[in-house]
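File shown: entry.txt (compact mmCIF, N, CA and C atoms).
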# COMPACT_ATOMS: atom_id res chain seq x y z
N MET A 716 -10.16 19.52 17.63
CA MET A 716 -9.20 18.44 17.52
C MET A 716 -8.94 18.16 16.03
N ASN A 717 -7.70 18.09 15.66
CA ASN A 717 -7.31 17.79 14.27
C ASN A 717 -6.82 16.36 14.19
N TYR A 718 -7.13 15.73 13.08
CA TYR A 718 -6.72 14.34 12.89
C TYR A 718 -6.36 14.13 11.43
N ASN A 719 -5.18 13.63 11.17
CA ASN A 719 -4.71 13.42 9.80
C ASN A 719 -4.11 12.02 9.73
N ARG A 720 -4.88 11.05 9.31
CA ARG A 720 -4.44 9.65 9.27
C ARG A 720 -4.88 9.03 7.95
N VAL A 721 -3.98 8.32 7.30
CA VAL A 721 -4.26 7.68 6.03
C VAL A 721 -3.79 6.23 6.11
N ILE A 722 -4.62 5.29 5.65
CA ILE A 722 -4.22 3.89 5.53
C ILE A 722 -4.52 3.47 4.09
N LEU A 723 -3.49 2.99 3.42
CA LEU A 723 -3.62 2.60 2.01
C LEU A 723 -3.17 1.17 1.83
N VAL A 724 -3.83 0.45 0.94
CA VAL A 724 -3.40 -0.88 0.51
C VAL A 724 -3.41 -0.86 -1.01
N GLY A 725 -2.25 -1.11 -1.60
CA GLY A 725 -2.15 -1.09 -3.04
C GLY A 725 -0.86 -1.73 -3.52
N ARG A 726 -0.63 -1.65 -4.81
CA ARG A 726 0.56 -2.25 -5.41
C ARG A 726 1.54 -1.16 -5.83
N LEU A 727 2.83 -1.45 -5.63
CA LEU A 727 3.86 -0.52 -6.06
C LEU A 727 3.82 -0.37 -7.57
N THR A 728 3.84 0.86 -8.04
CA THR A 728 3.81 1.11 -9.49
C THR A 728 5.20 1.04 -10.12
N ARG A 729 6.23 1.11 -9.29
CA ARG A 729 7.61 1.04 -9.73
C ARG A 729 8.47 0.67 -8.54
N ASP A 730 9.71 0.32 -8.78
CA ASP A 730 10.63 0.06 -7.67
C ASP A 730 10.83 1.36 -6.89
N PRO A 731 10.85 1.29 -5.54
CA PRO A 731 11.07 2.50 -4.74
C PRO A 731 12.42 3.14 -5.07
N GLU A 732 12.45 4.46 -5.04
CA GLU A 732 13.67 5.22 -5.32
C GLU A 732 14.26 5.68 -3.99
N LEU A 733 15.46 5.19 -3.67
CA LEU A 733 16.12 5.52 -2.40
C LEU A 733 17.16 6.59 -2.63
N LYS A 734 17.12 7.65 -1.79
CA LYS A 734 18.11 8.73 -1.82
C LYS A 734 18.52 9.02 -0.37
N TYR A 735 19.56 9.78 -0.23
CA TYR A 735 20.02 10.19 1.10
C TYR A 735 20.14 11.71 1.13
N THR A 736 19.72 12.31 2.24
CA THR A 736 19.86 13.74 2.41
C THR A 736 21.34 14.06 2.63
N THR A 737 21.68 15.33 2.63
CA THR A 737 23.08 15.72 2.85
C THR A 737 23.57 15.31 4.24
N SER A 738 22.64 15.15 5.18
CA SER A 738 23.02 14.70 6.53
C SER A 738 23.04 13.18 6.66
N GLY A 739 22.74 12.45 5.55
CA GLY A 739 22.82 11.00 5.56
C GLY A 739 21.53 10.28 5.91
N THR A 740 20.41 10.99 5.97
CA THR A 740 19.12 10.37 6.29
C THR A 740 18.52 9.75 5.02
N ALA A 741 18.12 8.48 5.12
CA ALA A 741 17.53 7.78 3.98
C ALA A 741 16.10 8.24 3.75
N VAL A 742 15.74 8.42 2.48
CA VAL A 742 14.38 8.77 2.10
C VAL A 742 14.04 8.01 0.82
N ALA A 743 12.90 7.33 0.84
CA ALA A 743 12.44 6.57 -0.33
C ALA A 743 11.13 7.17 -0.82
N SER A 744 10.99 7.24 -2.13
CA SER A 744 9.73 7.69 -2.71
C SER A 744 9.23 6.62 -3.67
N PHE A 745 7.92 6.45 -3.67
CA PHE A 745 7.28 5.47 -4.52
C PHE A 745 5.81 5.84 -4.65
N SER A 746 5.10 5.14 -5.50
CA SER A 746 3.66 5.37 -5.59
C SER A 746 2.93 4.04 -5.56
N LEU A 747 1.72 4.09 -5.04
CA LEU A 747 0.85 2.92 -4.96
C LEU A 747 -0.31 3.07 -5.92
N ALA A 748 -0.64 1.98 -6.60
CA ALA A 748 -1.84 1.94 -7.43
C ALA A 748 -2.93 1.29 -6.60
N ILE A 749 -4.03 2.00 -6.44
CA ILE A 749 -5.12 1.53 -5.58
C ILE A 749 -6.41 1.54 -6.38
N ASN A 750 -6.99 0.34 -6.56
CA ASN A 750 -8.26 0.24 -7.27
C ASN A 750 -9.36 0.83 -6.41
N ARG A 751 -10.28 1.49 -7.05
CA ARG A 751 -11.42 2.04 -6.32
C ARG A 751 -12.32 0.90 -5.89
N ARG A 752 -12.97 1.06 -4.78
CA ARG A 752 -13.74 -0.01 -4.16
C ARG A 752 -14.88 -0.53 -5.04
N PHE A 753 -15.63 0.38 -5.67
CA PHE A 753 -16.82 -0.05 -6.38
C PHE A 753 -16.64 -0.09 -7.89
N ASN A 754 -15.52 0.42 -8.38
CA ASN A 754 -15.27 0.38 -9.81
C ASN A 754 -13.80 0.04 -10.01
N ARG A 755 -13.52 -1.25 -10.15
CA ARG A 755 -12.13 -1.71 -10.24
C ARG A 755 -11.43 -1.24 -11.51
N GLU A 756 -12.18 -0.65 -12.44
CA GLU A 756 -11.55 -0.13 -13.64
C GLU A 756 -10.94 1.24 -13.40
N GLU A 757 -11.26 1.88 -12.27
CA GLU A 757 -10.69 3.17 -11.93
C GLU A 757 -9.62 2.95 -10.87
N THR A 758 -8.47 3.56 -11.07
CA THR A 758 -7.34 3.39 -10.16
C THR A 758 -6.80 4.74 -9.75
N ASP A 759 -6.47 4.88 -8.47
CA ASP A 759 -5.80 6.07 -7.97
C ASP A 759 -4.32 5.76 -7.80
N PHE A 760 -3.46 6.71 -8.13
CA PHE A 760 -2.03 6.56 -7.97
C PHE A 760 -1.59 7.57 -6.91
N ILE A 761 -1.16 7.04 -5.76
CA ILE A 761 -0.85 7.88 -4.60
C ILE A 761 0.66 7.87 -4.36
N ASP A 762 1.25 9.07 -4.29
CA ASP A 762 2.67 9.19 -4.00
C ASP A 762 2.91 9.05 -2.50
N VAL A 763 3.98 8.31 -2.15
CA VAL A 763 4.32 8.03 -0.75
C VAL A 763 5.79 8.33 -0.53
N VAL A 764 6.11 8.83 0.67
CA VAL A 764 7.49 9.07 1.08
C VAL A 764 7.73 8.35 2.40
N ALA A 765 8.82 7.61 2.47
CA ALA A 765 9.21 6.91 3.70
C ALA A 765 10.61 7.38 4.10
N TRP A 766 10.86 7.46 5.39
CA TRP A 766 12.14 7.97 5.91
C TRP A 766 12.87 6.90 6.72
N ARG A 767 14.16 7.09 6.85
CA ARG A 767 15.07 6.31 7.70
C ARG A 767 15.00 4.81 7.44
N GLN A 768 14.81 3.99 8.50
CA GLN A 768 14.81 2.53 8.33
C GLN A 768 13.69 2.06 7.41
N GLN A 769 12.54 2.72 7.48
CA GLN A 769 11.44 2.34 6.58
C GLN A 769 11.83 2.55 5.13
N ALA A 770 12.55 3.62 4.85
CA ALA A 770 12.99 3.90 3.49
C ALA A 770 13.92 2.80 2.99
N GLU A 771 14.87 2.40 3.82
CA GLU A 771 15.81 1.36 3.42
C GLU A 771 15.12 0.00 3.28
N TYR A 772 14.21 -0.30 4.20
CA TYR A 772 13.44 -1.55 4.13
C TYR A 772 12.65 -1.60 2.82
N CYS A 773 11.97 -0.51 2.53
CA CYS A 773 11.14 -0.45 1.33
C CYS A 773 12.00 -0.60 0.07
N ALA A 774 13.15 0.07 0.04
CA ALA A 774 14.02 0.00 -1.14
C ALA A 774 14.65 -1.39 -1.29
N ASN A 775 14.96 -2.05 -0.18
CA ASN A 775 15.59 -3.37 -0.23
C ASN A 775 14.62 -4.47 -0.63
N TYR A 776 13.37 -4.39 -0.19
CA TYR A 776 12.42 -5.48 -0.40
C TYR A 776 11.27 -5.14 -1.34
N GLY A 777 11.12 -3.86 -1.67
CA GLY A 777 10.03 -3.46 -2.54
C GLY A 777 10.40 -3.55 -4.00
N SER A 778 9.46 -3.97 -4.80
CA SER A 778 9.64 -3.99 -6.25
C SER A 778 8.29 -3.79 -6.91
N LYS A 779 8.32 -3.36 -8.14
CA LYS A 779 7.10 -3.08 -8.89
C LYS A 779 6.13 -4.27 -8.79
N GLY A 780 4.88 -3.96 -8.42
CA GLY A 780 3.85 -4.98 -8.35
C GLY A 780 3.60 -5.54 -6.97
N ARG A 781 4.53 -5.33 -6.03
CA ARG A 781 4.33 -5.88 -4.68
C ARG A 781 3.16 -5.20 -3.99
N LEU A 782 2.41 -5.99 -3.24
CA LEU A 782 1.27 -5.50 -2.49
C LEU A 782 1.75 -4.99 -1.14
N MET A 783 1.37 -3.76 -0.81
CA MET A 783 1.80 -3.23 0.48
C MET A 783 0.74 -2.37 1.13
N MET A 784 0.86 -2.25 2.45
CA MET A 784 0.01 -1.38 3.25
C MET A 784 0.87 -0.25 3.78
N VAL A 785 0.37 0.96 3.69
CA VAL A 785 1.07 2.12 4.21
C VAL A 785 0.12 2.84 5.15
N GLU A 786 0.63 3.18 6.32
CA GLU A 786 -0.11 4.00 7.26
C GLU A 786 0.70 5.26 7.49
N GLY A 787 0.04 6.41 7.42
CA GLY A 787 0.78 7.65 7.60
C GLY A 787 -0.14 8.84 7.64
N ARG A 788 0.40 9.98 7.19
CA ARG A 788 -0.37 11.22 7.22
C ARG A 788 -0.29 11.88 5.85
N LEU A 789 -1.32 12.61 5.49
CA LEU A 789 -1.36 13.34 4.23
C LEU A 789 -0.61 14.65 4.41
N GLN A 790 0.24 14.98 3.43
CA GLN A 790 1.03 16.21 3.51
C GLN A 790 0.95 16.93 2.17
N VAL A 791 0.77 18.23 2.22
CA VAL A 791 0.80 19.07 1.03
C VAL A 791 1.97 20.01 1.20
N ARG A 792 2.86 20.02 0.20
CA ARG A 792 4.02 20.91 0.27
C ARG A 792 4.16 21.65 -1.05
N SER A 793 4.80 22.81 -0.99
CA SER A 793 5.02 23.62 -2.18
C SER A 793 6.50 23.76 -2.43
N TYR A 794 6.85 23.92 -3.70
CA TYR A 794 8.24 24.18 -4.06
C TYR A 794 8.27 24.97 -5.36
N GLU A 795 9.44 25.48 -5.68
CA GLU A 795 9.61 26.26 -6.90
C GLU A 795 10.57 25.54 -7.82
N THR A 796 10.19 25.41 -9.09
CA THR A 796 11.04 24.73 -10.07
C THR A 796 12.22 25.64 -10.45
N GLN A 797 13.18 25.09 -11.17
CA GLN A 797 14.36 25.85 -11.57
C GLN A 797 14.01 27.04 -12.46
N ASP A 798 12.90 26.91 -13.20
CA ASP A 798 12.50 28.03 -14.06
C ASP A 798 11.52 28.98 -13.37
N GLY A 799 11.37 28.85 -12.04
CA GLY A 799 10.58 29.80 -11.26
C GLY A 799 9.11 29.50 -11.12
N GLN A 800 8.64 28.37 -11.61
CA GLN A 800 7.22 28.02 -11.49
C GLN A 800 6.96 27.43 -10.11
N LYS A 801 5.84 27.83 -9.51
CA LYS A 801 5.46 27.29 -8.21
C LYS A 801 4.65 26.02 -8.41
N ARG A 802 4.98 24.99 -7.65
CA ARG A 802 4.29 23.70 -7.74
C ARG A 802 3.83 23.28 -6.35
N LYS A 803 2.77 22.47 -6.34
CA LYS A 803 2.23 21.94 -5.10
C LYS A 803 2.16 20.42 -5.23
N VAL A 804 2.58 19.70 -4.19
CA VAL A 804 2.60 18.24 -4.21
C VAL A 804 1.81 17.73 -3.01
N THR A 805 0.95 16.75 -3.26
CA THR A 805 0.23 16.07 -2.18
C THR A 805 0.76 14.65 -2.12
N GLU A 806 1.18 14.22 -0.92
CA GLU A 806 1.76 12.89 -0.75
C GLU A 806 1.45 12.37 0.64
N VAL A 807 1.64 11.07 0.81
CA VAL A 807 1.48 10.44 2.12
C VAL A 807 2.88 10.24 2.70
N VAL A 808 3.07 10.71 3.92
CA VAL A 808 4.33 10.48 4.63
C VAL A 808 4.10 9.26 5.52
N SER A 809 4.85 8.20 5.26
CA SER A 809 4.63 6.92 5.94
C SER A 809 5.12 6.93 7.38
N ASP A 810 4.28 6.42 8.27
CA ASP A 810 4.67 6.15 9.66
C ASP A 810 4.95 4.66 9.85
N ASP A 811 4.27 3.84 9.03
CA ASP A 811 4.42 2.39 9.11
C ASP A 811 4.09 1.81 7.75
N LEU A 812 4.83 0.79 7.35
CA LEU A 812 4.52 0.11 6.10
C LEU A 812 4.82 -1.37 6.23
N LYS A 813 4.05 -2.16 5.49
CA LYS A 813 4.20 -3.62 5.52
C LYS A 813 3.94 -4.15 4.12
N PHE A 814 4.69 -5.18 3.76
CA PHE A 814 4.39 -5.89 2.53
C PHE A 814 3.37 -6.97 2.86
N LEU A 815 2.35 -7.10 2.04
CA LEU A 815 1.26 -8.04 2.30
C LEU A 815 1.33 -9.29 1.45
N ASP A 816 2.37 -9.40 0.65
CA ASP A 816 2.58 -10.61 -0.13
C ASP A 816 4.00 -11.10 0.14
N LYS A 817 4.26 -12.31 -0.28
CA LYS A 817 5.60 -12.85 -0.12
C LYS A 817 6.48 -12.28 -1.22
N GLN A 818 7.75 -12.03 -0.90
CA GLN A 818 8.67 -11.49 -1.90
C GLN A 818 8.75 -12.45 -3.08
N GLY A 819 8.66 -11.89 -4.27
CA GLY A 819 8.70 -12.72 -5.47
C GLY A 819 7.33 -13.17 -5.95
N THR A 820 6.24 -12.75 -5.22
CA THR A 820 4.90 -13.16 -5.64
C THR A 820 4.08 -11.99 -6.16
N SER A 821 4.74 -10.87 -6.44
CA SER A 821 3.99 -9.72 -6.95
C SER A 821 3.41 -10.06 -8.32
N GLN A 822 2.36 -9.37 -8.70
CA GLN A 822 1.71 -9.65 -9.98
C GLN A 822 2.67 -9.45 -11.13
N GLY A 823 3.59 -8.50 -11.01
CA GLY A 823 4.50 -8.21 -12.10
C GLY A 823 5.66 -9.19 -12.20
N SER A 824 5.95 -9.96 -11.15
CA SER A 824 7.15 -10.78 -11.18
C SER A 824 6.96 -12.16 -11.79
N HIS A 825 5.74 -12.65 -11.84
CA HIS A 825 5.47 -13.96 -12.42
C HIS A 825 4.41 -13.82 -13.50
N PRO A 826 4.80 -13.93 -14.77
CA PRO A 826 3.82 -13.75 -15.83
C PRO A 826 2.65 -14.72 -15.72
N ALA A 827 2.87 -15.91 -15.21
CA ALA A 827 1.78 -16.89 -15.11
C ALA A 827 0.74 -16.46 -14.11
N SER A 828 1.14 -15.69 -13.08
CA SER A 828 0.18 -15.29 -12.05
C SER A 828 -0.48 -13.96 -12.37
N ALA A 829 0.03 -13.23 -13.33
CA ALA A 829 -0.55 -11.93 -13.66
C ALA A 829 -1.97 -12.11 -14.16
N GLY A 830 -2.88 -11.37 -13.53
CA GLY A 830 -4.26 -11.43 -13.94
C GLY A 830 -5.03 -12.63 -13.42
N ARG A 831 -4.38 -13.56 -12.73
CA ARG A 831 -5.08 -14.72 -12.21
C ARG A 831 -5.71 -14.35 -10.88
N LYS A 832 -7.01 -14.46 -10.78
CA LYS A 832 -7.74 -14.10 -9.56
C LYS A 832 -7.31 -14.98 -8.41
N GLY A 833 -7.05 -14.34 -7.26
CA GLY A 833 -6.69 -15.09 -6.06
C GLY A 833 -5.23 -15.49 -6.02
N SER A 834 -4.38 -14.91 -6.86
CA SER A 834 -2.99 -15.32 -6.92
C SER A 834 -2.23 -15.03 -5.63
N ASP A 835 -2.61 -13.97 -4.90
CA ASP A 835 -1.91 -13.67 -3.66
C ASP A 835 -2.83 -13.64 -2.44
N GLY A 836 -4.09 -13.96 -2.62
CA GLY A 836 -5.02 -14.03 -1.50
C GLY A 836 -5.59 -12.68 -1.08
N TRP A 837 -5.18 -11.58 -1.70
CA TRP A 837 -5.64 -10.25 -1.30
C TRP A 837 -6.53 -9.61 -2.35
N ASP A 838 -6.90 -10.33 -3.37
CA ASP A 838 -7.69 -9.74 -4.45
C ASP A 838 -9.07 -9.28 -3.99
N ASP A 839 -9.61 -9.92 -2.95
CA ASP A 839 -10.94 -9.57 -2.48
C ASP A 839 -10.93 -8.52 -1.37
N LEU A 840 -9.74 -7.98 -1.05
CA LEU A 840 -9.65 -6.97 0.00
C LEU A 840 -10.54 -5.78 -0.36
N GLY A 841 -11.42 -5.40 0.54
CA GLY A 841 -12.33 -4.30 0.30
C GLY A 841 -13.63 -4.70 -0.35
N ARG A 842 -13.75 -5.98 -0.73
CA ARG A 842 -14.98 -6.45 -1.36
C ARG A 842 -16.09 -6.49 -0.31
N GLU A 843 -17.26 -6.08 -0.68
CA GLU A 843 -18.40 -6.10 0.21
C GLU A 843 -18.81 -7.55 0.50
N VAL A 844 -19.04 -7.87 1.75
CA VAL A 844 -19.42 -9.22 2.14
C VAL A 844 -20.95 -9.29 2.22
N ARG A 845 -21.50 -10.32 1.61
CA ARG A 845 -22.94 -10.55 1.66
C ARG A 845 -23.21 -11.72 2.60
N LEU A 846 -24.34 -11.73 3.23
CA LEU A 846 -24.71 -12.78 4.17
C LEU A 846 -24.70 -14.15 3.49
N GLU A 847 -25.05 -14.19 2.20
CA GLU A 847 -25.07 -15.46 1.47
C GLU A 847 -23.66 -16.05 1.32
N ASP A 848 -22.63 -15.20 1.43
CA ASP A 848 -21.24 -15.66 1.27
C ASP A 848 -20.68 -16.29 2.54
N ILE A 849 -21.40 -16.20 3.63
CA ILE A 849 -20.89 -16.67 4.91
C ILE A 849 -21.52 -18.02 5.24
N ASP A 850 -20.68 -19.01 5.58
CA ASP A 850 -21.17 -20.30 6.03
C ASP A 850 -21.40 -20.23 7.53
N ILE A 851 -22.65 -20.39 7.96
CA ILE A 851 -22.97 -20.34 9.37
C ILE A 851 -23.00 -21.77 9.89
N ILE A 852 -22.24 -22.01 10.93
CA ILE A 852 -22.14 -23.35 11.52
C ILE A 852 -22.89 -23.34 12.84
N ASP A 853 -23.85 -24.26 12.99
CA ASP A 853 -24.59 -24.36 14.25
C ASP A 853 -23.70 -25.01 15.29
N LYS A 854 -23.61 -24.38 16.46
CA LYS A 854 -22.78 -24.89 17.55
C LYS A 854 -23.71 -25.50 18.60
N PRO A 855 -23.43 -26.74 19.03
CA PRO A 855 -24.27 -27.34 20.07
C PRO A 855 -24.22 -26.50 21.35
N GLU A 856 -25.34 -26.43 22.04
CA GLU A 856 -25.47 -25.61 23.24
C GLU A 856 -24.57 -26.05 24.39
N ASP A 857 -24.26 -27.36 24.49
CA ASP A 857 -23.55 -27.83 25.66
C ASP A 857 -22.02 -27.83 25.53
N ASP A 858 -21.49 -27.37 24.40
CA ASP A 858 -20.03 -27.30 24.23
C ASP A 858 -19.46 -26.16 25.04
N ASP A 859 -18.35 -26.44 25.73
CA ASP A 859 -17.65 -25.41 26.47
C ASP A 859 -16.68 -24.69 25.56
N ILE A 860 -16.42 -23.45 25.88
CA ILE A 860 -15.41 -22.70 25.17
C ILE A 860 -14.06 -23.26 25.57
N PRO A 861 -13.15 -23.53 24.63
CA PRO A 861 -11.91 -24.23 24.93
C PRO A 861 -10.83 -23.40 25.63
N PHE A 862 -11.18 -22.32 26.29
CA PHE A 862 -10.15 -21.57 27.03
C PHE A 862 -10.69 -21.08 28.34
I need this file expressed as structure tokens, please.
Amino acid sequence: MNYNRVILVGRLTRDPELKYTTSGTAVASFSLAINRRFNREETDFIDVVAWRQQAEYCANYGSKGRLMMVEGRLQVRSYETQDGQKRKVTEVVSDDLKFLDKQGTSQGSHPASAGRKGSDGWDDLGREVRLEDIDIIDKPEDDDIPF
């Protein structure tokens, strides 16, 4: 059994680039900056391609710095440059994408919020949870579940 599934959460590194094929199909390309889980000083830049309605949605509402989630598959393709050199590209082909912040709240759009921890509520995504960080509330034994 083969399985090729990728889920990414990161920030757009630039505004998505929207193009149309000769048959009129929309295609958007962009890249996500994703901090590594245990070393936030290291960042991966992942190229993503979205097609059709997703491409138009991404181009209309996406802008540099916006936080987004992409679900898709990893694809490796080869092509030849105009001067005859062979190149290989690895990218994620999106099946689903969502913006995880409100439009206009990206880190790049408001200088006052840039670098401020907790500015969009997603800064701790992927952070390891420790038992000391959880408030445990004792529930009385005789309370019924409200449904």
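Nearest residue to Phe814 in chain A, choosing from A:Thr796, A:Leu789, A:Met716, A:Met783 and counting all atoms listed in the file: A:Met783.
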One-decimal distance in Å that lies between atom C of Leu812 in chain A and CA of Asp759 in chain A:
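Pair CA of Asp759 in chain A / atom C of Leu812 in chain A returns 19.2 Å.
Coordinates place CA of Gly725 in chain A at a distance of 11.7 Å from CA of Arg752 in chain A.
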How many Å lie between CA of Thr740 in chain A and atom C of Gln768 in chain A, rounded to one decimal?
10.0 Å
Pick from A:Arg729, A:Lys803, A:Arg720, A:Arg792, whichever lies nearest to Ser744 in chain A using all atoms listed in the file:
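Between A:Arg729, A:Lys803, A:Arg720, A:Arg792, the residue approaching Ser744 in chain A most closely is A:Arg729.
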Could you check the closest approach to Met784 in chain A for each of A:Gln797, A:Ser809, A:Thr736, A:Gln818 and tell me which residue wins, using only C-alpha atoms?
A:Ser809
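Take the candidates A:Glu795, A:Ala748, A:Arg767, A:Arg802 and check each one against Leu733 in chain A using only C-alpha atoms; the shortest distance goes to A:Arg767.
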DSSP helix (DSSP H, G or I) residues within range 733-773 of chain A, listed as number ranges by chain:
A: 767-773
Would you save the residues from that selection as a short mmCIF file (atom, residue, chain, number, x, y, z; two decimals), in the coordinates of the input, using N, CA and C atoms?
data_model
loop_
_atom_site.label_atom_id
_atom_site.label_comp_id
_atom_site.auth_asym_id
_atom_site.auth_seq_id
_atom_site.Cartn_x
_atom_site.Cartn_y
_atom_site.Cartn_z
N ARG A 767 14.16 7.09 6.85
CA ARG A 767 15.07 6.31 7.70
C ARG A 767 15.00 4.81 7.44
N GLN A 768 14.81 3.99 8.50
CA GLN A 768 14.81 2.53 8.33
C GLN A 768 13.69 2.06 7.41
N GLN A 769 12.54 2.72 7.48
CA GLN A 769 11.44 2.34 6.58
C GLN A 769 11.83 2.55 5.13
N ALA A 770 12.55 3.62 4.85
CA ALA A 770 12.99 3.90 3.49
C ALA A 770 13.92 2.80 2.99
N GLU A 771 14.87 2.40 3.82
CA GLU A 771 15.81 1.36 3.42
C GLU A 771 15.12 0.00 3.28
N TYR A 772 14.21 -0.30 4.20
CA TYR A 772 13.44 -1.55 4.13
C TYR A 772 12.65 -1.60 2.82
N CYS A 773 11.97 -0.51 2.53
CA CYS A 773 11.14 -0.45 1.33
C CYS A 773 12.00 -0.60 0.07
#
May I have the residues within 8 Å of Asn750 in chain A as a PDB file with N, CA and C atoms, keeping the file's coordinate frame, using all atoms listed in the file and disregarding those fewer than 5 positions away in the same chain?
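The resulting file, result_15.pdb, is reproduced below:
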ATOM      1  N   VAL A 724      -3.830   0.450   0.940  1.00  0.00           N
ATOM      2  CA  VAL A 724      -3.400  -0.880   0.510  1.00  0.00           C
ATOM      3  C   VAL A 724      -3.410  -0.860  -1.010  1.00  0.00           C
ATOM      4  N   GLY A 725      -2.250  -1.110  -1.600  1.00  0.00           N
ATOM      5  CA  GLY A 725      -2.150  -1.090  -3.040  1.00  0.00           C
ATOM      6  C   GLY A 725      -0.860  -1.730  -3.520  1.00  0.00           C
ATOM      7  N   ARG A 726      -0.630  -1.650  -4.810  1.00  0.00           N
ATOM      8  CA  ARG A 726       0.560  -2.250  -5.410  1.00  0.00           C
ATOM      9  C   ARG A 726       1.540  -1.160  -5.830  1.00  0.00           C
ATOM     10  N   ARG A 755     -13.520  -1.250 -10.150  1.00  0.00           N
ATOM     11  CA  ARG A 755     -12.130  -1.710 -10.240  1.00  0.00           C
ATOM     12  C   ARG A 755     -11.430  -1.240 -11.510  1.00  0.00           C
ATOM     13  N   GLU A 756     -12.180  -0.650 -12.440  1.00  0.00           N
ATOM     14  CA  GLU A 756     -11.550  -0.130 -13.640  1.00  0.00           C
ATOM     15  C   GLU A 756     -10.940   1.240 -13.400  1.00  0.00           C
ATOM     16  N   GLU A 757     -11.260   1.880 -12.270  1.00  0.00           N
ATOM     17  CA  GLU A 757     -10.690   3.170 -11.930  1.00  0.00           C
ATOM     18  C   GLU A 757      -9.620   2.950 -10.870  1.00  0.00           C
ATOM     19  N   THR A 758      -8.470   3.560 -11.070  1.00  0.00           N
ATOM     20  CA  THR A 758      -7.340   3.390 -10.160  1.00  0.00           C
ATOM     21  C   THR A 758      -6.800   4.740  -9.750  1.00  0.00           C
ATOM     22  N   ASP A 759      -6.470   4.880  -8.470  1.00  0.00           N
ATOM     23  CA  ASP A 759      -5.800   6.070  -7.970  1.00  0.00           C
ATOM     24  C   ASP A 759      -4.320   5.760  -7.800  1.00  0.00           C
ATOM     25  N   PHE A 760      -3.460   6.710  -8.130  1.00  0.00           N
ATOM     26  CA  PHE A 760      -2.030   6.560  -7.970  1.00  0.00           C
ATOM     27  C   PHE A 760      -1.590   7.570  -6.910  1.00  0.00           C
TER      28      PHE A 760
END
